[in-house]
file run_16.cif (mmCIF, C-alpha atoms and all ligand atoms)
data_structure
#
loop_
_atom_site.label_atom_id
_atom_site.label_comp_id
_atom_site.auth_asym_id
_atom_site.auth_seq_id
_atom_site.Cartn_x
_atom_site.Cartn_y
_atom_site.Cartn_z
CA MET A 1 14.82 108.40 47.30
CA GLY A 2 15.99 105.01 48.61
CA HIS A 3 14.77 101.61 47.56
CA ARG A 4 11.98 100.95 45.07
CA VAL A 5 9.51 98.45 46.53
CA ILE A 6 6.70 96.17 45.37
CA GLN A 7 4.29 95.03 48.11
CA TRP A 8 3.00 91.49 47.43
CA SER A 9 -0.43 90.93 49.05
CA THR A 10 -2.28 92.95 51.66
CA GLY A 11 -3.59 90.51 54.26
CA ASN A 12 -2.90 90.80 58.00
CA VAL A 13 0.83 91.49 57.66
CA GLY A 14 0.67 93.07 54.19
CA PHE A 15 -1.88 95.69 55.29
CA HIS A 16 0.61 97.02 57.85
CA SER A 17 3.62 96.48 55.61
CA LEU A 18 2.00 98.63 52.92
CA ARG A 19 1.13 101.36 55.47
CA HIS A 20 4.76 101.50 56.59
CA ILE A 21 6.14 101.51 53.04
CA VAL A 22 3.82 104.27 51.80
CA ARG A 23 4.81 106.55 54.71
CA HIS A 24 8.52 105.65 54.79
CA PRO A 25 10.89 108.44 53.71
CA ASP A 26 13.52 106.02 52.33
CA LEU A 27 11.19 103.74 50.38
CA GLU A 28 9.29 104.31 47.15
CA LEU A 29 6.25 102.15 46.49
CA VAL A 30 6.22 101.22 42.79
CA GLY A 31 3.79 98.28 42.70
CA VAL A 32 1.24 96.24 44.65
CA HIS A 33 0.21 92.66 43.94
CA ALA A 34 -3.34 91.61 44.81
CA HIS A 35 -4.72 88.10 44.66
CA SER A 36 -8.26 88.92 45.86
CA ARG A 37 -10.51 90.08 43.02
CA ASP A 38 -11.96 92.94 45.06
CA LYS A 39 -8.48 94.42 45.67
CA VAL A 40 -7.37 94.49 42.01
CA GLY A 41 -7.62 98.03 40.57
CA ARG A 42 -7.69 99.79 43.95
CA ASP A 43 -5.18 102.43 44.97
CA ALA A 44 -2.61 101.26 47.52
CA ALA A 45 -3.75 103.86 50.06
CA SER A 46 -7.26 102.42 50.17
CA LEU A 47 -5.84 98.90 50.71
CA CYS A 48 -4.05 99.94 53.88
CA GLY A 49 -6.49 102.40 55.39
CA LEU A 50 -4.57 105.58 54.52
CA PRO A 51 -6.25 108.73 53.21
CA GLY A 52 -5.71 110.08 49.69
CA GLU A 53 -4.12 108.26 46.78
CA THR A 54 -0.61 106.99 46.11
CA GLY A 55 -1.09 106.63 42.35
CA VAL A 56 -0.04 102.98 42.66
CA VAL A 57 -2.87 100.61 41.77
CA ALA A 58 -3.00 96.95 42.82
CA THR A 59 -2.77 94.36 40.05
CA ASP A 60 -2.74 90.58 39.64
CA ASP A 61 -0.62 90.92 36.47
CA VAL A 62 2.64 89.33 37.60
CA ASP A 63 4.47 90.02 34.30
CA ALA A 64 3.63 93.73 34.56
CA LEU A 65 4.89 93.86 38.15
CA LEU A 66 8.11 92.05 37.31
CA ALA A 67 8.73 94.47 34.41
CA LEU A 68 8.79 97.39 36.89
CA ASP A 69 12.08 98.93 37.92
CA ALA A 70 12.08 97.72 41.53
CA ASP A 71 14.83 96.72 43.97
CA VAL A 72 12.80 94.48 46.23
CA VAL A 73 9.50 92.70 46.80
CA VAL A 74 8.06 92.68 50.32
CA TYR A 75 6.34 89.30 50.19
CA THR A 76 3.60 88.76 52.78
CA THR A 77 1.36 86.25 51.02
CA LYS A 78 0.02 83.34 53.03
CA GLY A 79 2.86 80.89 52.42
CA GLU A 80 3.05 77.81 54.62
CA THR A 81 -0.17 76.18 53.41
CA ARG A 82 0.64 76.73 49.71
CA PRO A 83 4.34 75.91 49.13
CA HIS A 84 3.60 74.39 45.71
CA GLU A 85 2.32 77.77 44.50
CA VAL A 86 4.56 80.03 46.55
CA VAL A 87 7.94 78.50 45.70
CA PRO A 88 7.44 78.85 41.91
CA GLU A 89 6.13 82.41 42.41
CA LEU A 90 9.18 83.31 44.51
CA GLU A 91 11.47 81.68 41.91
CA ARG A 92 9.90 83.84 39.23
CA ILE A 93 10.35 87.05 41.24
CA LEU A 94 13.96 86.25 42.17
CA ARG A 95 14.86 85.24 38.62
CA ALA A 96 13.42 88.54 37.37
CA GLY A 97 16.07 90.43 39.35
CA LYS A 98 13.99 91.45 42.36
CA ASN A 99 15.32 90.80 45.85
CA VAL A 100 12.71 89.42 48.25
CA VAL A 101 12.17 90.07 51.95
CA SER A 102 9.40 87.78 53.14
CA THR A 103 7.36 87.00 56.21
CA ALA A 104 5.90 83.99 54.40
CA MET A 105 7.51 80.53 54.32
CA ILE A 106 8.79 80.45 57.90
CA PHE A 107 10.47 77.14 56.94
CA LEU A 108 13.17 79.30 55.29
CA ILE A 109 14.10 81.41 58.36
CA TYR A 110 17.35 79.44 58.50
CA PRO A 111 18.03 78.15 54.99
CA PRO A 112 20.64 75.50 55.97
CA HIS A 113 17.88 73.82 58.03
CA ALA A 114 15.21 74.00 55.29
CA ASP A 115 14.00 71.08 53.18
CA PRO A 116 16.25 70.99 50.07
CA LYS A 117 13.07 70.70 47.94
CA LEU A 118 12.18 74.24 49.04
CA ARG A 119 15.67 75.65 49.29
CA GLU A 120 17.39 74.44 46.14
CA PRO A 121 15.07 75.89 43.46
CA LEU A 122 15.10 79.22 45.25
CA GLU A 123 18.90 79.23 45.53
CA LYS A 124 19.11 78.55 41.80
CA ALA A 125 16.68 81.40 41.04
CA CYS A 126 18.72 83.78 43.23
CA HIS A 127 21.89 82.97 41.35
CA GLU A 128 20.20 83.32 37.96
CA GLY A 129 18.63 86.65 38.91
CA GLY A 130 21.53 88.01 40.99
CA THR A 131 19.14 88.36 43.92
CA THR A 132 18.79 87.64 47.63
CA LEU A 133 15.95 86.15 49.70
CA TYR A 134 15.50 86.78 53.44
CA VAL A 135 12.62 85.33 55.48
CA ASN A 136 11.89 86.63 58.97
CA GLY A 137 9.26 88.02 61.36
CA ILE A 138 8.83 88.36 65.11
CA ASP A 139 8.33 84.66 66.03
CA PRO A 140 9.77 82.73 64.38
CA GLY A 141 12.31 85.42 63.63
CA PHE A 142 13.45 88.22 65.91
CA SER A 143 12.62 86.42 69.17
CA GLY A 144 14.74 83.44 68.10
CA ASP A 145 17.67 85.29 66.54
CA ALA A 146 18.27 88.95 67.50
CA LEU A 147 16.96 88.53 71.07
CA PRO A 148 19.03 85.45 72.06
CA LEU A 149 22.06 86.54 70.06
CA THR A 150 22.00 89.80 72.06
CA ALA A 151 21.50 88.01 75.40
CA LEU A 152 24.35 85.62 74.64
CA GLN A 153 26.72 88.57 74.35
CA LEU A 154 26.39 89.01 78.13
CA ALA A 155 26.75 85.33 78.98
CA ASP A 156 29.70 83.10 79.82
CA ARG A 157 28.63 79.53 80.65
CA VAL A 158 25.32 78.57 79.00
CA ASP A 159 23.33 75.76 80.65
CA GLU A 160 20.08 76.43 78.81
CA LEU A 161 18.91 78.96 76.25
CA ARG A 162 15.13 79.39 76.27
CA VAL A 163 13.10 81.57 73.90
CA GLN A 164 9.45 82.16 74.84
CA GLU A 165 6.45 83.65 73.13
CA LEU A 166 3.78 84.09 75.85
CA VAL A 167 1.03 85.99 74.09
CA ASP A 168 -2.74 86.33 74.49
CA TYR A 169 -4.03 85.80 70.93
CA SER A 170 -7.64 86.82 71.63
CA THR A 171 -7.29 90.02 69.57
CA TYR A 172 -5.32 88.31 66.77
CA GLN A 173 -7.95 88.29 64.06
CA ASP A 174 -6.63 85.31 62.14
CA PRO A 175 -9.10 82.48 62.88
CA GLU A 176 -8.61 80.80 59.49
CA PHE A 177 -4.87 80.19 59.77
CA THR A 178 -3.66 80.67 63.34
CA GLY A 179 -7.01 79.58 64.77
CA VAL A 180 -7.15 76.38 62.73
CA SER A 181 -3.47 75.45 62.87
CA PHE A 182 -3.33 75.90 66.68
CA GLY A 183 -6.73 74.20 67.16
CA PHE A 184 -8.33 77.11 69.05
CA GLY A 185 -12.03 76.69 69.77
CA ARG A 186 -11.98 73.01 68.75
CA GLY A 187 -12.47 70.00 71.00
CA ALA A 188 -9.91 67.38 72.02
CA ASP A 189 -11.05 65.11 69.17
CA TYR A 190 -9.59 67.58 66.62
CA THR A 191 -5.87 67.20 65.84
CA PRO A 192 -4.60 70.61 64.72
CA PRO A 193 -1.86 70.73 62.06
CA LEU A 194 0.76 71.95 64.59
CA ALA A 195 0.16 68.85 66.75
CA ARG A 196 1.10 66.47 63.94
CA PRO A 197 4.55 64.91 64.38
CA GLY A 198 7.27 66.88 62.59
CA VAL A 199 5.22 70.01 61.86
CA LEU A 200 6.67 72.06 64.74
CA ARG A 201 10.18 70.94 63.83
CA PHE A 202 9.56 71.96 60.24
CA SER A 203 8.06 75.33 61.19
CA TRP A 204 9.99 76.57 64.25
CA GLY A 205 12.99 74.22 63.98
CA GLY A 206 14.97 76.75 61.95
CA MET A 207 15.23 78.97 65.04
CA VAL A 208 16.66 76.09 67.09
CA ALA A 209 19.07 75.03 64.34
CA MET A 210 20.31 78.59 63.86
CA LEU A 211 21.00 79.02 67.57
CA ALA A 212 22.81 75.66 67.68
CA ASP A 213 25.06 76.84 64.85
CA ALA A 214 25.57 80.21 66.57
CA LEU A 215 26.58 78.34 69.76
CA GLY A 216 28.78 75.95 67.78
CA VAL A 217 27.01 72.87 69.10
CA GLN A 218 25.72 69.71 67.43
CA LEU A 219 22.23 68.78 68.67
CA ASP A 220 21.60 65.07 69.36
CA GLU A 221 17.88 65.48 68.59
CA VAL A 222 15.07 68.03 68.62
CA ARG A 223 12.02 67.00 70.71
CA GLU A 224 8.52 68.33 70.11
CA SER A 225 5.65 68.71 72.57
CA PHE A 226 2.14 70.14 72.10
CA GLU A 227 -0.51 70.57 74.83
CA ARG A 228 -3.92 72.22 74.95
CA SER A 229 -6.31 73.42 77.65
CA TYR A 230 -10.09 73.52 77.23
CA ALA A 231 -12.74 76.02 78.30
CA SER A 232 -15.24 74.94 80.97
CA GLU A 233 -17.84 77.42 79.63
CA PRO A 234 -18.32 79.27 76.33
CA PHE A 235 -16.83 82.74 75.78
CA VAL A 236 -16.35 85.19 72.94
CA THR A 237 -13.16 86.92 71.80
CA PRO A 238 -12.45 89.15 68.78
CA MET A 239 -10.71 86.10 67.21
CA MET A 240 -13.57 83.65 67.69
CA ARG A 241 -16.34 82.22 69.85
CA VAL A 242 -15.01 79.38 72.00
CA PRO A 243 -17.62 76.78 73.03
CA ALA A 244 -17.50 74.82 76.29
CA GLY A 245 -14.92 72.08 75.75
CA GLY A 246 -13.18 74.12 73.04
CA CYS A 247 -9.45 74.81 73.20
CA ASP A 248 -8.70 78.10 75.01
CA ALA A 249 -4.90 77.86 75.27
CA VAL A 250 -2.00 76.09 73.56
CA ARG A 251 1.48 75.34 74.82
CA PHE A 252 4.14 73.89 72.57
CA GLN A 253 7.87 73.61 72.59
CA LEU A 254 10.87 72.34 70.72
CA GLU A 255 13.84 71.16 72.74
CA GLY A 256 17.28 70.95 71.15
CA MET A 257 18.90 68.16 73.15
CA VAL A 258 22.59 67.74 73.99
CA GLY A 259 23.86 64.97 76.28
CA GLY A 260 20.32 63.99 77.33
CA ARG A 261 19.19 67.47 78.44
CA PRO A 262 17.58 70.41 76.66
CA LEU A 263 20.09 73.09 75.68
CA ILE A 264 18.08 75.23 73.26
CA VAL A 265 14.33 75.52 73.85
CA THR A 266 11.69 77.48 71.99
CA GLU A 267 8.39 77.62 73.86
CA HIS A 268 4.98 79.09 72.99
CA VAL A 269 2.05 79.69 75.33
CA ASN A 270 -0.86 81.31 73.54
CA ARG A 271 -4.14 81.91 75.37
CA LEU A 272 -7.51 83.19 74.20
CA ARG A 273 -8.27 84.54 77.68
CA ASP A 274 -6.17 85.42 80.68
CA GLU A 275 -7.59 82.80 83.06
CA ALA A 276 -6.90 79.86 80.73
CA ALA A 277 -4.23 77.31 81.75
CA PRO A 278 -3.26 79.08 85.01
CA ASP A 279 -0.23 76.84 85.62
CA TRP A 280 1.52 77.56 82.33
CA PRO A 281 4.07 80.37 82.01
CA ARG A 282 2.55 83.80 81.52
CA PRO A 283 3.72 87.31 80.68
CA PRO A 284 4.50 89.76 83.49
CA ALA A 285 1.42 91.11 85.34
CA GLY A 286 -0.42 93.73 83.34
CA ARG A 287 1.14 92.66 80.06
CA PRO A 288 -0.90 90.71 77.46
CA GLY A 289 2.21 89.31 75.83
CA VAL A 290 5.97 89.00 75.90
CA HIS A 291 8.79 87.65 73.74
CA ARG A 292 11.41 86.58 76.22
CA CYS A 293 14.86 85.03 76.13
CA ILE A 294 16.33 83.37 79.22
CA VAL A 295 19.95 82.31 79.38
CA THR A 296 20.40 80.00 82.36
CA GLY A 297 24.06 79.86 83.31
CA SER A 298 26.67 82.24 84.57
CA PRO A 299 25.79 85.02 84.53
CA GLY A 300 22.06 84.40 84.02
CA VAL A 301 20.55 86.79 81.48
CA GLN A 302 16.89 87.54 80.71
CA LEU A 303 15.65 89.88 77.96
CA GLU A 304 11.99 90.74 77.45
CA CYS A 305 10.39 92.39 74.44
CA PHE A 306 6.92 94.01 74.41
CA VAL A 307 5.39 95.35 71.22
CA THR A 308 2.39 97.68 70.94
CA GLY A 309 0.62 98.56 67.71
CA GLU A 310 -0.53 101.96 66.53
CA ASP A 311 -4.02 101.07 67.83
CA GLY A 312 -2.60 100.19 71.26
CA ASP A 313 -3.02 96.42 70.79
CA HIS A 314 -0.17 93.96 71.33
CA ASN A 315 -1.24 91.65 68.49
CA THR A 316 -1.30 94.60 66.06
CA GLY A 317 2.15 95.40 67.45
CA GLY A 318 3.31 91.86 66.66
CA VAL A 319 2.00 92.08 63.10
CA GLN A 320 3.55 95.54 62.58
CA ALA A 321 6.84 94.30 64.04
CA THR A 322 6.74 91.26 61.75
CA ALA A 323 6.41 93.57 58.75
CA MET A 324 9.11 95.96 60.01
CA ARG A 325 11.57 93.19 60.70
CA VAL A 326 11.74 92.49 56.96
CA ILE A 327 11.23 96.09 55.80
CA ASN A 328 14.16 97.24 57.95
CA SER A 329 16.29 94.53 56.35
CA ILE A 330 15.84 95.95 52.84
CA PRO A 331 19.13 97.93 52.62
CA ALA A 332 21.17 94.98 53.94
CA VAL A 333 19.41 92.40 51.77
CA CYS A 334 19.72 94.50 48.61
CA ALA A 335 23.44 95.00 49.30
CA HIS A 336 24.07 91.28 49.94
CA ALA A 337 25.54 88.78 47.48
CA PRO A 338 22.96 86.55 45.71
CA GLY A 339 21.48 83.62 47.63
CA LEU A 340 19.29 82.69 50.58
CA VAL A 341 20.33 84.47 53.76
CA SER A 342 19.50 84.32 57.45
CA THR A 343 19.95 86.82 60.26
CA LEU A 344 23.40 85.30 60.84
CA ASP A 345 24.47 86.65 57.42
CA LEU A 346 23.20 90.21 57.88
CA PRO A 347 24.34 93.20 59.95
CA THR A 348 22.05 94.63 62.62
CA MET A 349 19.18 96.36 60.87
CA PRO A 350 17.78 99.25 62.93
CA SER A 351 15.02 101.55 61.75
CA ARG A 352 16.39 104.88 60.52
CA ASN A 353 12.94 106.43 60.10
CA LEU A 354 13.36 109.14 62.73
CA ARG A 355 10.78 111.68 63.74
CA ARG A 356 12.18 115.07 62.77
CA GLY A 357 10.98 118.39 64.16
N1 LIG B 401 7.31 84.92 61.57
C1 LIG B 401 6.33 85.66 62.05
O1 LIG B 401 6.48 86.25 63.11
C2 LIG B 401 5.04 85.80 61.30
C3 LIG B 401 3.97 86.51 61.89
C4 LIG B 401 2.78 86.65 61.15
C5 LIG B 401 2.67 86.08 59.89
N2 LIG B 401 3.73 85.38 59.37
C6 LIG B 401 3.62 84.80 58.03
O2 LIG B 401 3.37 85.85 57.08
C7 LIG B 401 2.54 85.37 56.03
C8 LIG B 401 1.33 86.30 55.89
O3 LIG B 401 0.55 86.20 57.05
P1 LIG B 401 -0.89 86.92 57.12
O4 LIG B 401 -1.41 86.70 58.48
O5 LIG B 401 -0.76 88.31 56.59
O6 LIG B 401 -1.70 86.04 56.08
P2 LIG B 401 -3.20 86.22 55.54
O7 LIG B 401 -3.74 87.54 55.97
O8 LIG B 401 -3.96 84.99 55.88
O9 LIG B 401 -2.99 86.17 53.94
C9 LIG B 401 -2.13 87.06 53.28
C10 LIG B 401 -2.51 87.15 51.84
O10 LIG B 401 -2.22 85.94 51.15
C11 LIG B 401 -2.93 85.98 49.93
N3 LIG B 401 -3.57 84.69 49.70
C12 LIG B 401 -4.33 84.00 50.55
N4 LIG B 401 -4.75 82.86 49.98
C13 LIG B 401 -4.23 82.84 48.73
C14 LIG B 401 -4.30 81.94 47.64
N5 LIG B 401 -4.99 80.80 47.74
N6 LIG B 401 -3.63 82.26 46.52
C15 LIG B 401 -2.93 83.41 46.43
N7 LIG B 401 -2.83 84.31 47.44
C16 LIG B 401 -3.47 84.01 48.57
C17 LIG B 401 -3.99 87.09 50.02
O11 LIG B 401 -3.44 88.15 49.24
P3 LIG B 401 -4.24 89.44 48.71
O12 LIG B 401 -4.15 90.40 49.83
O13 LIG B 401 -3.46 89.85 47.54
O14 LIG B 401 -5.61 89.00 48.36
C18 LIG B 401 -3.97 87.40 51.51
O15 LIG B 401 -4.36 88.69 51.84
C19 LIG B 401 2.15 83.93 56.40
O16 LIG B 401 2.93 83.04 55.65
C20 LIG B 401 2.45 83.85 57.90
O17 LIG B 401 2.81 82.55 58.33
C21 LIG B 401 4.90 85.25 60.04
#

call {"tool": "encode", "arguments": {"input": "run_16.cif", "output": "structure tokens"}}
result
Amino acid sequence: MGHRVIQWSTGNVGFHSLRHIVRHPDLELVGVHAHSRDKVGRDAASLCGLPGETGVVATDDVDALLALDADVVVYTTKGETRPHEVVPELERILRAGKNVVSTAMIFLIYPPHADPKLREPLEKACHEGGTTLYVNGIDPGFSGDALPLTALQLADRVDELRVQELVDYSTYQDPEFTGVSFGFGRGADYTPPLARPGVLRFSWGGMVAMLADALGVQLDEVRESFERSYASEPFVTPMMRVPAGGCDAVRFQLEGMVGGRPLIVTEHVNRLRDEAAPDWPRPPAGRPGVHRCIVTGSPGVQLECFVTGEDGDHNTGGVQATAMRVINSIPAVCAHAPGLVSTLDLPTMPSRNLRRG
């Protein structure tokens, strides 16, 4: 048996994370944390839609979980809106000798870029506990590190490096967080959290800073932009009902500027229906979403990534991929020296869960 794992929370990402862990031949589930009262006391299998029982029951007893013999916590709690609770909880886990791979706290994707108020207590806890923390996902995460770092291996002169997430979010059933923070369904009088100055830089800026360091370049500044389009008539999606005048698509970008022009750009276009914002970039025909990296230069390089979930949906695929990005990192993170790490510190981390027979 490989690594002993505690799954922390079973929301959108955690549901799929737990499903992958329970079925993974190299991982042993030893504990599950549940915050929601109705999840406490339930077997892990029932929390992730699998048949039978695992014998591992969800608990909100943090001391009992930290007393378990476990190598790593897969941490998928809602993080960004609750840093004052999440940072102390992560400190406690790391100090107790458990490594952490996390999809939460996207501010820590590239620790050198993170606010010292977040980074420093966690670094201290890692050193006290002899543990390592890695935060990643699909975007921010894979699309802004593995994808461009791979494309750059084929490039010579780089004029612009652009990372895009062009994804229809209509089937992403996360109206409370993604819906609210992007402003979907709301009118122009509502200012969503992501539109506030500095929030994009804080959230996705780690990707841009990491790529600047990988390219060995000092950015003069990082510019933010945030635009919305609005529905002319009401419509209904699995995520939400959008009224006439409600936001049906969002486009935002961060531009890492050098010498007065953008060198490193991360761009999102997220629609709630295909016909929204027809002039904005879109995925290839027939595809509901793409993570794309474009190196403009010589030679030009373009890589595209499409994910599909076990139910055939691209948003499920994105959530599963987010979970797997950190689950696949477990061997590398557990073998790493204590501290906060980024993708630049780790080897490539392929899945080794092969279908046999
Ligand atoms: N980088 C990427 O590509 C990417 C993609 C998707 C998500 N993420 C990040 O991954 C994290 C999880 O996302 P998600 O969509 O799975 O989140 P979610 O479903 O909204 O919430 C996850 C869990 O957080 C716990 N929780 C919620 N409110 C809480 C509170 N007030 N106190 C304690 N626990 C609370 C609940 O745990 P219980 O299940 O125990 O009740 C909930 O199920 C987020 O931080 C998100 O930003 C990153």

call {"tool": "residues_near_point", "arguments": {"input": "run_16.cif", "point": "(-21.7, 70.9, 75.5)", "cutoff": "10 Å", "atoms": "all atoms listed in the file", "output": "list of chain:residue names"}}
result
A:Ser232, A:Glu233, A:Pro234, A:Pro243, A:Ala244, A:Gly245, A:Gly246

call {"tool": "residues_near_ligand", "arguments": {"input": "run_16.cif", "ligand": "ligand LIG 401 (chain B)", "cutoff": "7 Å", "atoms": "only C-alpha atoms and all ligand atoms", "output": "number ranges by chain"}}
result
A: 8-14, 33-36, 39, 76-80, 103-106, 136-141, 174, 177, 319, 322

call {"tool": "residues_around", "arguments": {"input": "run_16.cif", "residues": "Tyr230 of chain A", "least_positions_apart": "6", "cutoff": "12 Å", "atoms": "only C-alpha atoms", "output": "VMD selection string"}}
result
chain A and resid 183 to 189 242 to 251 271 to 273 275 to 278

call {"tool": "write_last_selection", "arguments": {"input": "run_16.cif", "atoms": "C-alpha atoms", "output": "mmCIF file, in the coordinates of the input"}}
result
data_model
loop_
_atom_site.group_PDB
_atom_site.id
_atom_site.type_symbol
_atom_site.label_atom_id
_atom_site.label_comp_id
_atom_site.auth_asym_id
_atom_site.auth_seq_id
_atom_site.Cartn_x
_atom_site.Cartn_y
_atom_site.Cartn_z
ATOM 1 C CA GLY A 183 -6.730 74.200 67.160
ATOM 2 C CA PHE A 184 -8.330 77.110 69.050
ATOM 3 C CA GLY A 185 -12.030 76.690 69.770
ATOM 4 C CA ARG A 186 -11.980 73.010 68.750
ATOM 5 C CA GLY A 187 -12.470 70.000 71.000
ATOM 6 C CA ALA A 188 -9.910 67.380 72.020
ATOM 7 C CA ASP A 189 -11.050 65.110 69.170
ATOM 8 C CA VAL A 242 -15.010 79.380 72.000
ATOM 9 C CA PRO A 243 -17.620 76.780 73.030
ATOM 10 C CA ALA A 244 -17.500 74.820 76.290
ATOM 11 C CA GLY A 245 -14.920 72.080 75.750
ATOM 12 C CA GLY A 246 -13.180 74.120 73.040
ATOM 13 C CA CYS A 247 -9.450 74.810 73.200
ATOM 14 C CA ASP A 248 -8.700 78.100 75.010
ATOM 15 C CA ALA A 249 -4.900 77.860 75.270
ATOM 16 C CA VAL A 250 -2.000 76.090 73.560
ATOM 17 C CA ARG A 251 1.480 75.340 74.820
ATOM 18 C CA ARG A 271 -4.140 81.910 75.370
ATOM 19 C CA LEU A 272 -7.510 83.190 74.200
ATOM 20 C CA ARG A 273 -8.270 84.540 77.680
ATOM 21 C CA GLU A 275 -7.590 82.800 83.060
ATOM 22 C CA ALA A 276 -6.900 79.860 80.730
ATOM 23 C CA ALA A 277 -4.230 77.310 81.750
ATOM 24 C CA PRO A 278 -3.260 79.080 85.010
#

call {"tool": "closest_residue", "arguments": {"input": "run_16.cif", "among": "A:Gln173, A:Thr296, A:Asn328, A:Thr178", "to": "Pro262 of chain A", "atoms": "only C-alpha atoms"}}
result
A:Thr296

call {"tool": "atom_distance", "arguments": {"input": "run_16.cif", "atom1": "atom CA of Leu211 of chain A", "atom2": "atom CA of Thr343 of chain A"}}
result
10.7 Å

call {"tool": "closest_residue", "arguments": {"input": "run_16.cif", "among": "A:Val163, A:Asp274, A:Gly300, A:Met210", "to": "Leu254 of chain A", "atoms": "all atoms listed in the file"}}
result
A:Val163

call {"tool": "residues_around", "arguments": {"input": "run_16.cif", "residues": "Arg201 of chain A", "least_positions_apart": "2", "cutoff": "9 Å", "atoms": "all atoms listed in the file", "output": "PyMOL selection string"}}
result
chain A and resi 197-199+203-206+208+222-224+254

call {"tool": "atom_distance", "arguments": {"input": "run_16.cif", "atom1": "atom CA of Gly289 of chain A", "atom2": "atom CA of Ile264 of chain A"}}
result
21.4 Å

call {"tool": "decode", "arguments": {"input": "run_16.cif", "residues": "segment 124-136 of chain A", "atoms": "N, CA, C and O atoms", "output": "JSON list (two decimals), in the first residue's frame"}}
result
[["chain", "number", "residue", "atom", "x", "y", "z"],
["A", 124, "LYS", "N", 6.33, 28.45, 8.81],
["A", 124, "LYS", "CA", 6.78, 28.12, 10.17],
["A", 124, "LYS", "C", 6.20, 26.75, 10.59],
["A", 124, "LYS", "O", 6.91, 25.89, 11.11],
["A", 125, "ALA", "N", 4.91, 26.56, 10.31],
["A", 125, "ALA", "CA", 4.27, 25.28, 10.68],
["A", 125, "ALA", "C", 4.91, 24.11, 9.94],
["A", 125, "ALA", "O", 5.11, 23.04, 10.50],
["A", 126, "CYS", "N", 5.24, 24.32, 8.67],
["A", 126, "CYS", "CA", 5.90, 23.26, 7.89],
["A", 126, "CYS", "C", 7.23, 22.87, 8.54],
["A", 126, "CYS", "O", 7.56, 21.69, 8.66],
["A", 127, "HIS", "N", 7.99, 23.87, 8.94],
["A", 127, "HIS", "CA", 9.30, 23.57, 9.51],
["A", 127, "HIS", "C", 9.17, 22.91, 10.87],
["A", 127, "HIS", "O", 9.92, 21.99, 11.20],
["A", 128, "GLU", "N", 8.17, 23.32, 11.64],
["A", 128, "GLU", "CA", 7.96, 22.68, 12.95],
["A", 128, "GLU", "C", 7.47, 21.24, 12.79],
["A", 128, "GLU", "O", 7.85, 20.37, 13.57],
["A", 129, "GLY", "N", 6.65, 21.00, 11.79],
["A", 129, "GLY", "CA", 6.09, 19.66, 11.61],
["A", 129, "GLY", "C", 6.87, 18.77, 10.65],
["A", 129, "GLY", "O", 6.53, 17.61, 10.47],
["A", 130, "GLY", "N", 7.89, 19.35, 10.00],
["A", 130, "GLY", "CA", 8.65, 18.57, 9.01],
["A", 130, "GLY", "C", 7.78, 18.22, 7.80],
["A", 130, "GLY", "O", 7.88, 17.12, 7.25],
["A", 131, "THR", "N", 6.95, 19.18, 7.38],
["A", 131, "THR", "CA", 5.94, 18.87, 6.35],
["A", 131, "THR", "C", 5.98, 19.86, 5.19],
["A", 131, "THR", "O", 6.61, 20.92, 5.27],
["A", 132, "THR", "N", 5.24, 19.51, 4.15],
["A", 132, "THR", "CA", 5.25, 20.28, 2.90],
["A", 132, "THR", "C", 3.82, 20.59, 2.49],
["A", 132, "THR", "O", 2.92, 19.77, 2.68],
["A", 133, "LEU", "N", 3.63, 21.81, 1.96],
["A", 133, "LEU", "CA", 2.31, 22.24, 1.47],
["A", 133, "LEU", "C", 2.41, 22.60, -0.01],
["A", 133, "LEU", "O", 3.30, 23.37, -0.41],
["A", 134, "TYR", "N", 1.50, 22.03, -0.80],
["A", 134, "TYR", "CA", 1.43, 22.33, -2.24],
["A", 134, "TYR", "C", 0.00, 22.67, -2.59],
["A", 134, "TYR", "O", -0.92, 21.91, -2.26],
["A", 135, "VAL", "N", -0.21, 23.82, -3.23],
["A", 135, "VAL", "CA", -1.55, 24.25, -3.65],
["A", 135, "VAL", "C", -1.59, 24.28, -5.18],
["A", 135, "VAL", "O", -0.70, 24.86, -5.82],
["A", 136, "ASN", "N", -2.62, 23.64, -5.75],
["A", 136, "ASN", "CA", -2.73, 23.66, -7.20],
["A", 136, "ASN", "C", -4.15, 23.29, -7.63],
["A", 136, "ASN", "O", -5.05, 23.22, -6.81]]
